[in-house]
Amino acid sequence: MPAPSLSIRVRLAVVVLAAIAAATPAAAFDTDAVFRKGTRILSVEGGGGVQDNLDGPTLSDLELANAGVRLGFLPYDPWFTGLARGVLEIGLEPFFQLYRQHPDAHFGGLGVELRYHFLAFGRVVPYVELFGAAGGTDLKIPEIDSAFALMAQGGIGVSVFLTDWVALYAGYRLQHVSNAHVSTPNRGFEAHLGVAGLSIFFP
């Protein structure tokens, strides 16, 4: 039986989070206390997806699986008002990625995460994010063949707080990997990813 597609898995994750949100007690949730300046956030996440080059042909048809552990920090009080009200998380994250058609190939590196949490919806907290990492790789495909790689990701998602200090999240990411022209070839590749994780907040 074939594995479910990425789009189906992402939809299932969204449905599960929506169900959790509906089942979560409607007790008062103090976003100012949870997301106050100085709060630290420990997140553990995993995901995966498929290659889809945005410019030019997709030569290698990669399937990816990845994981990371992030230590985040809220250096500022919330910004703006209304629906745009939110807070910026800055995080440091070791990140590891595997390629299913190339079981001996991987990426391992250290990245910086910028995540903006929207605080106008109580226990349901949408976010947008940017991530950049540098690391080592032994993936050898027509798009990239080098020992060094840069990774960039942008994404959107939603967190649902199970308690005042613990949240589950799921989202979508667009990933780009290349080697900054340190060697050839350097077409790089793009991939559509789904991600799910757990965050614990330490005010």
# chains A, B, ... in the order shown; residues from 1 in each chain; ligands from 1

call {"tool": "closest_atom_pairs", "arguments": {"of": "segment 74-122 of chain A", "to": "segment 59-68 of chain A", "cutoff": "12 Å", "atoms": "only C-alpha atoms", "output": "JSON lines"}}
result
{"residue": "A:Gly91", "atom": "CA", "partner": "A:Gly68", "partner_atom": "CA", "distance": 11.4}
{"residue": "A:Leu92", "atom": "CA", "partner": "A:Gly68", "partner_atom": "CA", "distance": 10.0}
{"residue": "A:Glu93", "atom": "CA", "partner": "A:Gly68", "partner_atom": "CA", "distance": 6.3}
{"residue": "A:Pro94", "atom": "CA", "partner": "A:Gly68", "partner_atom": "CA", "distance": 5.7}
{"residue": "A:Phe95", "atom": "CA", "partner": "A:Gly68", "partner_atom": "CA", "distance": 4.5}
{"residue": "A:Phe96", "atom": "CA", "partner": "A:Ala67", "partner_atom": "CA", "distance": 5.5}
{"residue": "A:Gln97", "atom": "CA", "partner": "A:Asn66", "partner_atom": "CA", "distance": 4.1}
{"residue": "A:Leu98", "atom": "CA", "partner": "A:Ala65", "partner_atom": "CA", "distance": 5.2}
{"residue": "A:Tyr99", "atom": "CA", "partner": "A:Leu64", "partner_atom": "CA", "distance": 4.8}
{"residue": "A:Arg100", "atom": "CA", "partner": "A:Glu63", "partner_atom": "CA", "distance": 5.6}
{"residue": "A:Gln101", "atom": "CA", "partner": "A:Leu62", "partner_atom": "CA", "distance": 6.7}
{"residue": "A:His102", "atom": "CA", "partner": "A:Leu62", "partner_atom": "CA", "distance": 8.6}
{"residue": "A:Pro103", "atom": "CA", "partner": "A:Leu64", "partner_atom": "CA", "distance": 10.6}
{"residue": "A:Ala105", "atom": "CA", "partner": "A:Leu64", "partner_atom": "CA", "distance": 10.7}
{"residue": "A:His106", "atom": "CA", "partner": "A:Asn66", "partner_atom": "CA", "distance": 9.4}
{"residue": "A:Phe107", "atom": "CA", "partner": "A:Asn66", "partner_atom": "CA", "distance": 9.0}
{"residue": "A:Gly108", "atom": "CA", "partner": "A:Asn66", "partner_atom": "CA", "distance": 9.7}
{"residue": "A:Gly109", "atom": "CA", "partner": "A:Gly68", "partner_atom": "CA", "distance": 9.8}
{"residue": "A:Leu110", "atom": "CA", "partner": "A:Gly68", "partner_atom": "CA", "distance": 9.4}
{"residue": "A:Gly111", "atom": "CA", "partner": "A:Gly68", "partner_atom": "CA", "distance": 9.6}
{"residue": "A:Val112", "atom": "CA", "partner": "A:Gly68", "partner_atom": "CA", "distance": 11.5}
{"residue": "A:Glu113", "atom": "CA", "partner": "A:Gly68", "partner_atom": "CA", "distance": 11.2}

call {"tool": "closest_atom_pairs", "arguments": {"of": "segment 169-202 of chain A", "to": "segment 139-156 of chain A", "cutoff": "6 Å", "atoms": "only C-alpha atoms", "output": "JSON lines"}}
result
{"residue": "A:Gly171", "atom": "CA", "partner": "A:Ile156", "partner_atom": "CA", "distance": 5.6}
{"residue": "A:Tyr172", "atom": "CA", "partner": "A:Gly155", "partner_atom": "CA", "distance": 5.4}
{"residue": "A:Arg173", "atom": "CA", "partner": "A:Gly155", "partner_atom": "CA", "distance": 4.1}
{"residue": "A:Leu174", "atom": "CA", "partner": "A:Gly154", "partner_atom": "CA", "distance": 5.5}
{"residue": "A:Gln175", "atom": "CA", "partner": "A:Gln153", "partner_atom": "CA", "distance": 4.4}
{"residue": "A:His176", "atom": "CA", "partner": "A:Ala152", "partner_atom": "CA", "distance": 5.2}
{"residue": "A:Val177", "atom": "CA", "partner": "A:Met151", "partner_atom": "CA", "distance": 4.6}
{"residue": "A:Ser178", "atom": "CA", "partner": "A:Leu150", "partner_atom": "CA", "distance": 5.5}
{"residue": "A:Asn179", "atom": "CA", "partner": "A:Ala149", "partner_atom": "CA", "distance": 4.3}
{"residue": "A:Pro185", "atom": "CA", "partner": "A:Ile144", "partner_atom": "CA", "distance": 5.2}
{"residue": "A:Asn186", "atom": "CA", "partner": "A:Ile144", "partner_atom": "CA", "distance": 5.0}
{"residue": "A:Arg187", "atom": "CA", "partner": "A:Glu143", "partner_atom": "CA", "distance": 4.8}
{"residue": "A:Gly188", "atom": "CA", "partner": "A:Glu143", "partner_atom": "CA", "distance": 4.9}

call {"tool": "write_last_selection", "arguments": {"atoms": "N, CA, C and O atoms", "output": "tab-separated table (two decimals), in the first residue's frame"}}
result
chain	number	residue	atom	x	y	z
A	171	GLY	N	2.78	22.80	10.25
A	171	GLY	CA	2.87	23.84	9.25
A	171	GLY	C	3.45	23.35	7.93
A	171	GLY	O	3.75	22.17	7.75
A	172	TYR	N	3.61	24.31	7.03
A	172	TYR	CA	4.17	24.09	5.69
A	172	TYR	C	5.46	24.89	5.56
A	172	TYR	O	5.55	26.02	6.06
A	173	ARG	N	6.45	24.32	4.87
A	173	ARG	CA	7.70	25.02	4.59
A	173	ARG	C	8.11	24.83	3.13
A	173	ARG	O	7.90	23.76	2.55
A	174	LEU	N	8.71	25.87	2.57
A	174	LEU	CA	9.38	25.78	1.28
A	174	LEU	C	10.88	25.85	1.55
A	174	LEU	O	11.36	26.82	2.17
A	175	GLN	N	11.61	24.85	1.12
A	175	GLN	CA	13.04	24.74	1.43
A	175	GLN	C	13.89	24.91	0.17
A	175	GLN	O	13.52	24.43	-0.91
A	176	HIS	N	15.02	25.59	0.31
A	176	HIS	CA	16.03	25.70	-0.75
A	176	HIS	C	17.38	25.26	-0.18
A	176	HIS	O	17.76	25.69	0.92
A	177	VAL	N	18.10	24.43	-0.92
A	177	VAL	CA	19.44	23.99	-0.53
A	177	VAL	C	20.38	24.23	-1.69
A	177	VAL	O	20.09	23.86	-2.83
A	178	SER	N	21.51	24.88	-1.42
A	178	SER	CA	22.57	25.09	-2.42
A	178	SER	C	23.89	25.18	-1.69
A	178	SER	O	23.95	24.99	-0.47
A	179	ASN	N	24.99	25.51	-2.43
A	179	ASN	CA	26.30	25.53	-1.77
A	179	ASN	C	27.04	26.84	-1.90
A	179	ASN	O	28.26	26.89	-1.70
A	185	PRO	N	28.40	21.04	-9.43
A	185	PRO	CA	27.30	21.94	-9.81
A	185	PRO	C	26.67	22.62	-8.59
A	185	PRO	O	26.83	22.16	-7.47
A	186	ASN	N	25.95	23.72	-8.85
A	186	ASN	CA	25.29	24.44	-7.77
A	186	ASN	C	23.93	24.96	-8.22
A	186	ASN	O	23.58	26.10	-7.96
A	187	ARG	N	23.19	24.13	-8.95
A	187	ARG	CA	21.80	24.52	-9.21
A	187	ARG	C	21.01	24.56	-7.91
A	187	ARG	O	20.16	25.41	-7.69
A	188	GLY	N	21.31	23.63	-7.00
A	188	GLY	CA	20.54	23.50	-5.78
A	188	GLY	C	19.18	22.89	-6.06
A	188	GLY	O	18.84	22.54	-7.19

call {"tool": "residues_around", "arguments": {"residues": "segment 52-56 of chain A", "least_positions_apart": "5", "cutoff": "8 Å", "atoms": "only C-alpha atoms", "output": "PDB file with C-alpha atoms, in the first residue's frame"}}
result
ATOM      1  CA  ASP A  61      12.914  13.482  -7.372  1.00  0.00           C
ATOM      2  CA  PHE A 189      17.012  22.244  -5.195  1.00  0.00           C
ATOM      3  CA  GLU A 190      13.697  23.236  -3.652  1.00  0.00           C
ATOM      4  CA  ALA A 191      11.255  21.091  -1.711  1.00  0.00           C
ATOM      5  CA  HIS A 192       7.760  21.346  -0.260  1.00  0.00           C
TER       6      HIS A 192
END

call {"tool": "select_by_dssp", "arguments": {"residues": "segment 124-187 of chain A", "states": "strand (DSSP E)", "output": "PyMOL selection string"}}
result
chain A and resi 124-137+140-141+144-145+148-161+166-178
